[in-house]
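Here the structure is laid out as structure tokens; the discussion comes afterwards.
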Amino acid sequence: MSAPGDRSERLVTVEEFLDGRPEDFGEIHDGVLVECTAQSPEHDLVVRRLAAALEYAIDPAGPCREVHSDTPMRLADADTADTSRRLRARYPDVLLRDRSAGVYDVQTVAGQTLLVAEITSEGTVDADIGIKRELYARAGIPVYLIVHFDKDWQQITEIEECRLDWSGRRYITRHTHTDALVLTSPVTFAVTFAELQSRLPRPRA
């Protein structure tokens, strides 16, 4: 999801979120709208490449799977008496969901999600490795991928593969991928870091 900008606080209630169009808002944490700015071309490229690679890996003859990018997901509300400070909604960079559970619904998609990925940036890295790791685990999403960059935010250095522990409420880092991302579940999938950052060749004149 896009990086937060420096703007004054705006509260969004659950009712306002559901009465409007979720895609017209941004990420919301404890009722506070997280204002966003555009991401870097490098970040955007990896989002697109990862989503495309996951989509290509889906077996048409296998279970129904569907890939989404930057689409809204409502998570469990904050436990507070202040109704204006309850709503939590995120827009994962990439997610893979069980399509057999029905159409995409912002209210229920977290429970249908098999894998979620965030591509870190200078403005989002703290949330990606902190609060989002906690929120996605509490939602019971089996796999969380965190794509890390070098200090200049130009090249992928590693992809952290987090999976739920025995409690089903917390992530542990199952593997740290350093040259290629290889998964056997929830899809069989392999993509190199070079492929995730490759730019398509220009067509010949």
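To be explicit about the labels: the chains of the structure tokens are called A, B, and onward in the order shown, and within each one the residues are counted from 1, while ligands get numbers from 1 in the order they are shown.
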Expected answer as a compact mmCIF listing (two decimals) with all heavy atoms, in the first residue's frame: alpha helix (DSSP H) residues in chain A:
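Wrote selection-v2.txt, looks like this:
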# COMPACT_ATOMS: atom_id res chain seq x y z
N VAL A 14 -16.92 3.14 11.31
CA VAL A 14 -17.32 1.92 10.61
C VAL A 14 -18.49 2.22 9.69
O VAL A 14 -18.53 1.78 8.53
CB VAL A 14 -17.69 0.81 11.62
CG1 VAL A 14 -18.28 -0.39 10.89
CG2 VAL A 14 -16.48 0.41 12.44
N GLU A 15 -19.46 2.99 10.18
CA GLU A 15 -20.65 3.31 9.38
C GLU A 15 -20.29 4.10 8.13
O GLU A 15 -20.81 3.83 7.04
CB GLU A 15 -21.65 4.10 10.24
CG GLU A 15 -22.28 3.31 11.37
CD GLU A 15 -21.33 3.07 12.54
OE1 GLU A 15 -20.33 3.82 12.66
OE2 GLU A 15 -21.61 2.14 13.33
N GLU A 16 -19.40 5.07 8.29
CA GLU A 16 -18.98 5.86 7.13
C GLU A 16 -18.26 5.00 6.11
O GLU A 16 -18.48 5.12 4.89
CB GLU A 16 -18.06 6.99 7.59
CG GLU A 16 -17.61 7.92 6.48
CD GLU A 16 -16.66 8.99 6.96
OE1 GLU A 16 -16.32 9.00 8.17
OE2 GLU A 16 -16.25 9.82 6.12
N PHE A 17 -17.43 4.10 6.58
CA PHE A 17 -16.67 3.22 5.70
C PHE A 17 -17.61 2.30 4.91
O PHE A 17 -17.45 2.13 3.70
CB PHE A 17 -15.71 2.39 6.54
CG PHE A 17 -14.82 1.46 5.76
CD1 PHE A 17 -13.74 1.96 5.02
CD2 PHE A 17 -15.02 0.09 5.78
CE1 PHE A 17 -12.90 1.11 4.33
CE2 PHE A 17 -14.19 -0.77 5.09
CZ PHE A 17 -13.13 -0.26 4.37
N LEU A 18 -18.60 1.74 5.59
CA LEU A 18 -19.50 0.78 4.94
C LEU A 18 -20.55 1.47 4.09
O LEU A 18 -21.02 0.90 3.10
CB LEU A 18 -20.16 -0.10 6.00
CG LEU A 18 -19.22 -0.99 6.80
CD1 LEU A 18 -20.00 -1.80 7.82
CD2 LEU A 18 -18.42 -1.91 5.89
N ASP A 19 -20.93 2.69 4.44
CA ASP A 19 -21.93 3.41 3.67
C ASP A 19 -21.36 3.97 2.37
O ASP A 19 -22.08 4.21 1.41
CB ASP A 19 -22.53 4.57 4.49
CG ASP A 19 -23.46 4.07 5.59
OD1 ASP A 19 -23.86 2.88 5.53
OD2 ASP A 19 -23.76 4.85 6.51
N PRO A 41 8.68 3.86 -8.47
CA PRO A 41 8.55 2.93 -9.59
C PRO A 41 9.06 1.53 -9.25
O PRO A 41 8.50 0.54 -9.72
CB PRO A 41 9.39 3.58 -10.69
CG PRO A 41 9.41 5.03 -10.36
CD PRO A 41 9.41 5.09 -8.85
N GLU A 42 10.12 1.45 -8.43
CA GLU A 42 10.66 0.15 -8.05
C GLU A 42 9.65 -0.65 -7.24
O GLU A 42 9.47 -1.86 -7.44
CB GLU A 42 11.96 0.34 -7.25
CG GLU A 42 13.13 0.86 -8.04
CD GLU A 42 13.04 2.35 -8.35
OE1 GLU A 42 12.30 3.06 -7.64
OE2 GLU A 42 13.69 2.80 -9.31
N HIS A 43 9.00 0.01 -6.31
CA HIS A 43 7.97 -0.64 -5.49
C HIS A 43 6.82 -1.11 -6.37
O HIS A 43 6.38 -2.27 -6.28
CB HIS A 43 7.47 0.36 -4.44
CG HIS A 43 6.35 -0.14 -3.58
ND1 HIS A 43 5.04 -0.19 -4.02
CD2 HIS A 43 6.34 -0.61 -2.30
CE1 HIS A 43 4.28 -0.66 -3.05
NE2 HIS A 43 5.04 -0.93 -2.00
N ASP A 44 6.34 -0.25 -7.23
CA ASP A 44 5.21 -0.57 -8.09
C ASP A 44 5.53 -1.74 -9.02
O ASP A 44 4.70 -2.62 -9.26
CB ASP A 44 4.81 0.67 -8.90
CG ASP A 44 3.59 0.43 -9.77
OD1 ASP A 44 2.53 0.06 -9.21
OD2 ASP A 44 3.69 0.60 -10.99
N LEU A 45 6.75 -1.76 -9.52
CA LEU A 45 7.16 -2.84 -10.43
C LEU A 45 7.12 -4.19 -9.73
O LEU A 45 6.62 -5.18 -10.28
CB LEU A 45 8.56 -2.56 -10.96
CG LEU A 45 9.14 -3.59 -11.93
CD1 LEU A 45 8.34 -3.64 -13.22
CD2 LEU A 45 10.61 -3.28 -12.23
N VAL A 46 7.64 -4.25 -8.50
CA VAL A 46 7.66 -5.51 -7.77
C VAL A 46 6.24 -5.98 -7.45
O VAL A 46 5.94 -7.18 -7.53
CB VAL A 46 8.51 -5.39 -6.49
CG1 VAL A 46 8.42 -6.67 -5.68
CG2 VAL A 46 9.96 -5.10 -6.84
N VAL A 47 5.36 -5.05 -7.11
CA VAL A 47 3.96 -5.41 -6.86
C VAL A 47 3.36 -6.09 -8.09
O VAL A 47 2.74 -7.16 -8.01
CB VAL A 47 3.12 -4.18 -6.48
CG1 VAL A 47 1.63 -4.53 -6.43
CG2 VAL A 47 3.55 -3.63 -5.12
N ARG A 48 3.56 -5.47 -9.23
CA ARG A 48 2.99 -6.01 -10.47
C ARG A 48 3.60 -7.35 -10.85
O ARG A 48 2.89 -8.28 -11.26
CB ARG A 48 3.14 -5.00 -11.61
CG ARG A 48 2.25 -3.78 -11.47
CD ARG A 48 2.33 -2.85 -12.66
NE ARG A 48 3.55 -2.06 -12.68
CZ ARG A 48 4.50 -2.16 -13.59
NH1 ARG A 48 4.38 -3.04 -14.58
NH2 ARG A 48 5.56 -1.39 -13.54
N ARG A 49 4.92 -7.47 -10.72
CA ARG A 49 5.59 -8.71 -11.09
C ARG A 49 5.19 -9.85 -10.15
O ARG A 49 4.97 -10.98 -10.58
CB ARG A 49 7.11 -8.53 -11.04
CG ARG A 49 7.66 -7.62 -12.14
CD ARG A 49 7.66 -8.35 -13.49
NE ARG A 49 8.26 -7.48 -14.50
CZ ARG A 49 7.59 -6.60 -15.22
NH1 ARG A 49 6.29 -6.48 -15.06
NH2 ARG A 49 8.20 -5.85 -16.12
N LEU A 50 5.11 -9.57 -8.84
CA LEU A 50 4.74 -10.61 -7.89
C LEU A 50 3.31 -11.06 -8.11
O LEU A 50 3.02 -12.27 -8.09
CB LEU A 50 4.93 -10.10 -6.46
CG LEU A 50 4.60 -11.09 -5.34
CD1 LEU A 50 5.42 -12.37 -5.48
CD2 LEU A 50 4.83 -10.45 -3.98
N ALA A 51 2.41 -10.12 -8.34
CA ALA A 51 1.02 -10.48 -8.58
C ALA A 51 0.89 -11.33 -9.85
O ALA A 51 0.17 -12.33 -9.88
CB ALA A 51 0.16 -9.22 -8.70
N ALA A 52 1.61 -10.94 -10.89
CA ALA A 52 1.54 -11.68 -12.15
C ALA A 52 2.12 -13.09 -11.99
O ALA A 52 1.57 -14.06 -12.51
CB ALA A 52 2.29 -10.93 -13.24
N ALA A 53 3.23 -13.21 -11.25
CA ALA A 53 3.85 -14.52 -11.06
C ALA A 53 2.94 -15.44 -10.25
O ALA A 53 2.82 -16.63 -10.56
CB ALA A 53 5.20 -14.35 -10.35
N LEU A 54 2.30 -14.90 -9.23
CA LEU A 54 1.36 -15.71 -8.45
C LEU A 54 0.17 -16.15 -9.30
O LEU A 54 -0.27 -17.30 -9.22
CB LEU A 54 0.87 -14.92 -7.24
CG LEU A 54 1.76 -14.91 -6.00
CD1 LEU A 54 1.24 -13.90 -5.00
CD2 LEU A 54 1.82 -16.30 -5.37
N GLU A 55 -0.32 -15.23 -10.10
CA GLU A 55 -1.47 -15.56 -10.94
C GLU A 55 -1.12 -16.65 -11.94
O GLU A 55 -1.90 -17.57 -12.20
CB GLU A 55 -1.95 -14.30 -11.66
CG GLU A 55 -3.34 -14.41 -12.24
CD GLU A 55 -3.92 -13.05 -12.55
OE1 GLU A 55 -3.25 -12.26 -13.25
OE2 GLU A 55 -5.04 -12.76 -12.08
N TYR A 56 0.09 -16.56 -12.49
CA TYR A 56 0.54 -17.56 -13.46
C TYR A 56 0.70 -18.93 -12.80
O TYR A 56 0.53 -19.96 -13.45
CB TYR A 56 1.87 -17.11 -14.07
CG TYR A 56 2.40 -18.02 -15.15
CD1 TYR A 56 1.86 -17.98 -16.44
CD2 TYR A 56 3.42 -18.91 -14.88
CE1 TYR A 56 2.35 -18.83 -17.44
CE2 TYR A 56 3.92 -19.76 -15.87
CZ TYR A 56 3.37 -19.72 -17.14
OH TYR A 56 3.84 -20.55 -18.12
N ALA A 57 1.00 -18.94 -11.51
CA ALA A 57 1.24 -20.20 -10.80
C ALA A 57 -0.04 -20.94 -10.43
O ALA A 57 0.01 -22.11 -10.05
CB ALA A 57 2.05 -19.93 -9.53
N VAL A 109 -13.21 -10.81 3.14
CA VAL A 109 -12.07 -11.29 2.36
C VAL A 109 -10.89 -11.73 3.24
O VAL A 109 -10.14 -12.65 2.86
CB VAL A 109 -11.60 -10.23 1.34
CG1 VAL A 109 -11.00 -9.02 2.04
CG2 VAL A 109 -10.62 -10.83 0.35
N ALA A 110 -10.73 -11.16 4.41
CA ALA A 110 -9.61 -11.57 5.27
C ALA A 110 -9.71 -13.06 5.61
O ALA A 110 -8.70 -13.76 5.64
CB ALA A 110 -9.60 -10.74 6.55
N GLY A 111 -10.93 -13.54 5.82
CA GLY A 111 -11.12 -14.95 6.15
C GLY A 111 -10.95 -15.88 4.96
O GLY A 111 -10.85 -17.10 5.15
N GLN A 112 -10.91 -15.32 3.75
CA GLN A 112 -10.72 -16.11 2.54
C GLN A 112 -9.28 -16.06 2.03
O GLN A 112 -8.93 -16.74 1.08
CB GLN A 112 -11.64 -15.59 1.43
CG GLN A 112 -13.11 -15.54 1.80
CD GLN A 112 -13.90 -14.67 0.84
OE1 GLN A 112 -13.36 -14.09 -0.10
NE2 GLN A 112 -15.20 -14.56 1.08
N VAL A 125 7.81 0.71 5.98
CA VAL A 125 8.52 -0.46 6.50
C VAL A 125 8.18 -0.74 7.96
O VAL A 125 8.01 -1.90 8.34
CB VAL A 125 10.05 -0.31 6.30
CG1 VAL A 125 10.60 0.89 7.06
CG2 VAL A 125 10.77 -1.59 6.68
N ASP A 126 8.04 0.29 8.78
CA ASP A 126 7.72 0.06 10.19
C ASP A 126 6.37 -0.62 10.35
O ASP A 126 6.21 -1.54 11.14
CB ASP A 126 7.75 1.37 10.97
CG ASP A 126 9.16 1.93 11.13
OD1 ASP A 126 10.12 1.15 11.00
OD2 ASP A 126 9.29 3.14 11.38
N ALA A 127 5.38 -0.16 9.58
CA ALA A 127 4.05 -0.78 9.63
C ALA A 127 4.08 -2.18 9.05
O ALA A 127 3.43 -3.09 9.57
CB ALA A 127 3.04 0.08 8.89
N ASP A 128 4.83 -2.39 7.98
CA ASP A 128 4.87 -3.69 7.32
C ASP A 128 5.46 -4.77 8.22
O ASP A 128 4.97 -5.91 8.24
CB ASP A 128 5.69 -3.61 6.02
CG ASP A 128 5.03 -2.75 4.96
OD1 ASP A 128 3.80 -2.59 5.01
OD2 ASP A 128 5.75 -2.24 4.08
N ILE A 129 6.51 -4.42 8.96
CA ILE A 129 7.16 -5.43 9.80
C ILE A 129 6.60 -5.45 11.21
O ILE A 129 6.92 -6.34 12.00
CB ILE A 129 8.69 -5.23 9.85
CG1 ILE A 129 9.04 -3.92 10.56
CG2 ILE A 129 9.28 -5.27 8.46
CD1 ILE A 129 10.54 -3.69 10.72
N ILE A 131 2.93 -3.54 12.79
CA ILE A 131 1.49 -3.63 13.02
C ILE A 131 0.80 -4.53 12.00
O ILE A 131 -0.11 -5.29 12.34
CB ILE A 131 0.84 -2.23 13.02
CG1 ILE A 131 -0.62 -2.31 13.44
CG2 ILE A 131 0.99 -1.54 11.67
CD1 ILE A 131 -0.85 -2.86 14.83
N LYS A 132 1.22 -4.51 10.73
CA LYS A 132 0.57 -5.36 9.74
C LYS A 132 0.86 -6.84 10.00
O LYS A 132 -0.01 -7.69 9.81
CB LYS A 132 0.99 -4.98 8.32
CG LYS A 132 0.45 -3.64 7.87
CD LYS A 132 0.83 -3.35 6.44
CE LYS A 132 0.36 -1.96 6.02
NZ LYS A 132 0.73 -1.65 4.61
N ARG A 133 2.06 -7.12 10.45
CA ARG A 133 2.40 -8.50 10.80
C ARG A 133 1.45 -8.99 11.90
O ARG A 133 0.98 -10.13 11.87
CB ARG A 133 3.86 -8.57 11.26
CG ARG A 133 4.32 -9.96 11.63
CD ARG A 133 5.81 -9.95 11.97
NE ARG A 133 6.26 -11.29 12.37
CZ ARG A 133 7.36 -11.87 11.95
NH1 ARG A 133 8.14 -11.24 11.08
NH2 ARG A 133 7.70 -13.07 12.37
N GLU A 134 1.17 -8.14 12.86
CA GLU A 134 0.27 -8.51 13.94
C GLU A 134 -1.17 -8.64 13.46
O GLU A 134 -1.87 -9.61 13.79
CB GLU A 134 0.34 -7.45 15.05
CG GLU A 134 -0.61 -7.70 16.20
CD GLU A 134 -0.59 -6.58 17.22
OE1 GLU A 134 0.37 -5.78 17.23
OE2 GLU A 134 -1.56 -6.48 18.01
N LEU A 135 -1.64 -7.68 12.66
CA LEU A 135 -3.02 -7.68 12.20
C LEU A 135 -3.32 -8.87 11.29
O LEU A 135 -4.37 -9.52 11.42
CB LEU A 135 -3.34 -6.38 11.47
CG LEU A 135 -3.37 -5.11 12.32
CD1 LEU A 135 -3.58 -3.89 11.42
CD2 LEU A 135 -4.48 -5.18 13.37
N TYR A 136 -2.43 -9.15 10.34
CA TYR A 136 -2.67 -10.25 9.42
C TYR A 136 -2.64 -11.60 10.15
O TYR A 136 -3.41 -12.51 9.81
CB TYR A 136 -1.65 -10.25 8.28
CG TYR A 136 -1.74 -9.05 7.35
CD1 TYR A 136 -0.61 -8.56 6.70
CD2 TYR A 136 -2.95 -8.41 7.13
CE1 TYR A 136 -0.70 -7.47 5.83
CE2 TYR A 136 -3.04 -7.32 6.27
CZ TYR A 136 -1.91 -6.85 5.63
OH TYR A 136 -1.98 -5.77 4.78
N ALA A 137 -1.77 -11.72 11.15
CA ALA A 137 -1.73 -12.95 11.93
C ALA A 137 -3.02 -13.13 12.72
O ALA A 137 -3.59 -14.23 12.77
CB ALA A 137 -0.53 -12.94 12.87
N ARG A 138 -3.49 -12.07 13.34
CA ARG A 138 -4.73 -12.15 14.12
C ARG A 138 -5.92 -12.47 13.24
O ARG A 138 -6.91 -13.05 13.71
CB ARG A 138 -4.96 -10.84 14.88
CG ARG A 138 -3.95 -10.60 15.99
CD ARG A 138 -4.24 -9.32 16.73
NE ARG A 138 -5.53 -9.38 17.42
CZ ARG A 138 -6.07 -8.35 18.06
NH1 ARG A 138 -5.44 -7.18 18.08
NH2 ARG A 138 -7.24 -8.48 18.66
N PHE A 193 14.51 -12.97 -7.69
CA PHE A 193 14.46 -11.53 -7.41
C PHE A 193 14.68 -10.74 -8.70
O PHE A 193 14.08 -9.68 -8.89
CB PHE A 193 15.53 -11.15 -6.38
CG PHE A 193 15.26 -11.67 -4.99
CD1 PHE A 193 14.17 -12.49 -4.71
CD2 PHE A 193 16.10 -11.32 -3.95
CE1 PHE A 193 13.93 -12.96 -3.43
CE2 PHE A 193 15.87 -11.79 -2.65
CZ PHE A 193 14.79 -12.61 -2.39
N ALA A 194 15.54 -11.24 -9.57
CA ALA A 194 15.79 -10.56 -10.84
C ALA A 194 14.52 -10.47 -11.67
O ALA A 194 14.24 -9.44 -12.29
CB ALA A 194 16.88 -11.28 -11.62
N GLU A 195 13.73 -11.54 -11.66
CA GLU A 195 12.47 -11.53 -12.41
C GLU A 195 11.47 -10.55 -11.80
O GLU A 195 10.71 -9.90 -12.52
CB GLU A 195 11.88 -12.93 -12.44
CG GLU A 195 12.64 -13.90 -13.31
CD GLU A 195 12.17 -15.33 -13.16
OE1 GLU A 195 11.78 -15.73 -12.04
OE2 GLU A 195 12.19 -16.06 -14.17
N LEU A 196 11.48 -10.42 -10.49
CA LEU A 196 10.56 -9.49 -9.84
C LEU A 196 10.90 -8.04 -10.16
O LEU A 196 10.03 -7.17 -10.10
CB LEU A 196 10.58 -9.68 -8.32
CG LEU A 196 9.91 -10.96 -7.79
CD1 LEU A 196 10.12 -11.06 -6.29
CD2 LEU A 196 8.43 -10.97 -8.12
N GLN A 197 12.16 -7.78 -10.49
CA GLN A 197 12.57 -6.40 -10.77
C GLN A 197 12.90 -6.16 -12.23
O GLN A 197 13.37 -5.08 -12.57
CB GLN A 197 13.78 -6.05 -9.90
CG GLN A 197 13.44 -6.09 -8.40
CD GLN A 197 14.51 -5.44 -7.56
OE1 GLN A 197 15.56 -6.01 -7.33
NE2 GLN A 197 14.23 -4.24 -7.10
*What residues in chain A get the DSSP label strand (DSSP E)? Please answer as number ranges by chain.*
A: 3-4, 27-29, 32-34, 36-37, 65-68, 73-74, 89-90, 94-98, 113-119, 143-149, 156-164, 171-177, 180-183, 189-192
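Closest approach to Val147 in chain A from the set A:Val116, A:Ile159, A:Ala81, A:Ile172 is made by A:Ile159, with distances taken over only C-alpha atoms.
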*What is the distance, in Å and to one decimal place, between CA of Val182 in chain A and CA of Leu145 in chain A?*
11.4 Å
*asked:* Env of Glu158 in chain A: 10 Å cut, atoms = only C-alpha atoms, seq-sep filter 3 positions within chain, self excluded. Answer as an MDAnalysis selection string.
replied: chainID A and resid 146:150 155 161 176:181 193
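Note that CA of Gly168 in chain A and CA of Ala139 in chain A are 9.1 Å apart.
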When you look at Gly62 in chain A with a cut-off of 12 Å (counting only C-alpha atoms), what residues show up, excluding the ones that are within fewer than 4 positions of it in the same chain? I need them as an mmCIF file with N, CA and C atoms, in the first residue's frame.
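Generated output (result-v4.cif):
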data_model
loop_
_atom_site.group_PDB
_atom_site.id
_atom_site.type_symbol
_atom_site.label_atom_id
_atom_site.label_comp_id
_atom_site.auth_asym_id
_atom_site.auth_seq_id
_atom_site.Cartn_x
_atom_site.Cartn_y
_atom_site.Cartn_z
ATOM 1 N N ALA A 57 1.000 -18.941 -11.507
ATOM 2 C CA ALA A 57 1.244 -20.201 -10.800
ATOM 3 C C ALA A 57 -0.038 -20.937 -10.431
ATOM 4 N N ILE A 58 -1.178 -20.274 -10.523
ATOM 5 C CA ILE A 58 -2.439 -20.917 -10.163
ATOM 6 C C ILE A 58 -2.776 -22.008 -11.173
ATOM 7 N N GLU A 66 -7.513 -16.697 -6.584
ATOM 8 C CA GLU A 66 -7.615 -15.405 -7.256
ATOM 9 C C GLU A 66 -6.625 -14.439 -6.620
ATOM 10 N N ASP A 98 -9.121 -17.565 -1.637
ATOM 11 C CA ASP A 98 -9.915 -18.707 -2.064
ATOM 12 C C ASP A 98 -11.176 -18.181 -2.734
ATOM 13 N N ARG A 99 -11.222 -18.292 -4.055
ATOM 14 C CA ARG A 99 -12.352 -17.745 -4.805
ATOM 15 C C ARG A 99 -13.622 -18.558 -4.613
ATOM 16 N N SER A 100 -13.492 -19.811 -4.195
ATOM 17 C CA SER A 100 -14.678 -20.650 -4.007
ATOM 18 C C SER A 100 -15.548 -20.144 -2.858
ATOM 19 N N PRO A 186 0.525 -21.765 -0.340
ATOM 20 C CA PRO A 186 -0.713 -22.359 -0.841
ATOM 21 C C PRO A 186 -0.721 -22.605 -2.352
ATOM 22 N N VAL A 187 0.358 -22.189 -3.041
ATOM 23 C CA VAL A 187 0.551 -22.540 -4.451
ATOM 24 C C VAL A 187 2.002 -22.974 -4.625
ATOM 25 N N THR A 188 2.236 -23.799 -5.637
ATOM 26 C CA THR A 188 3.608 -24.139 -5.999
ATOM 27 C C THR A 188 4.123 -23.032 -6.900
#
*Name all residues at most 9 Å from Pro22 in chain A (count only C-alpha atoms; drop same-chain ones fewer than 6 positions away) and give them as a list in words.*
Thr71, Pro72, Met73, Ala89 and Val106 of chain A
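In this comparison, which uses only C-alpha atoms, the residue of A:Val103, A:Asp59, A:Asp30, A:Gly123 approaching Asp79 in chain A most closely is A:Asp30.
Here CA of Pro60 in chain A is placed at a distance of 22.0 Å from CA of Ala117 in chain A.
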*Which residues come within 6 Å of Arg86 in chain A, counting only C-alpha atoms, excluding same-chain residues fewer than 2 positions away, as a list in words?*
Asp30, Gly31, Asp77, Ala78, Thr83 and Ser84 of chain A
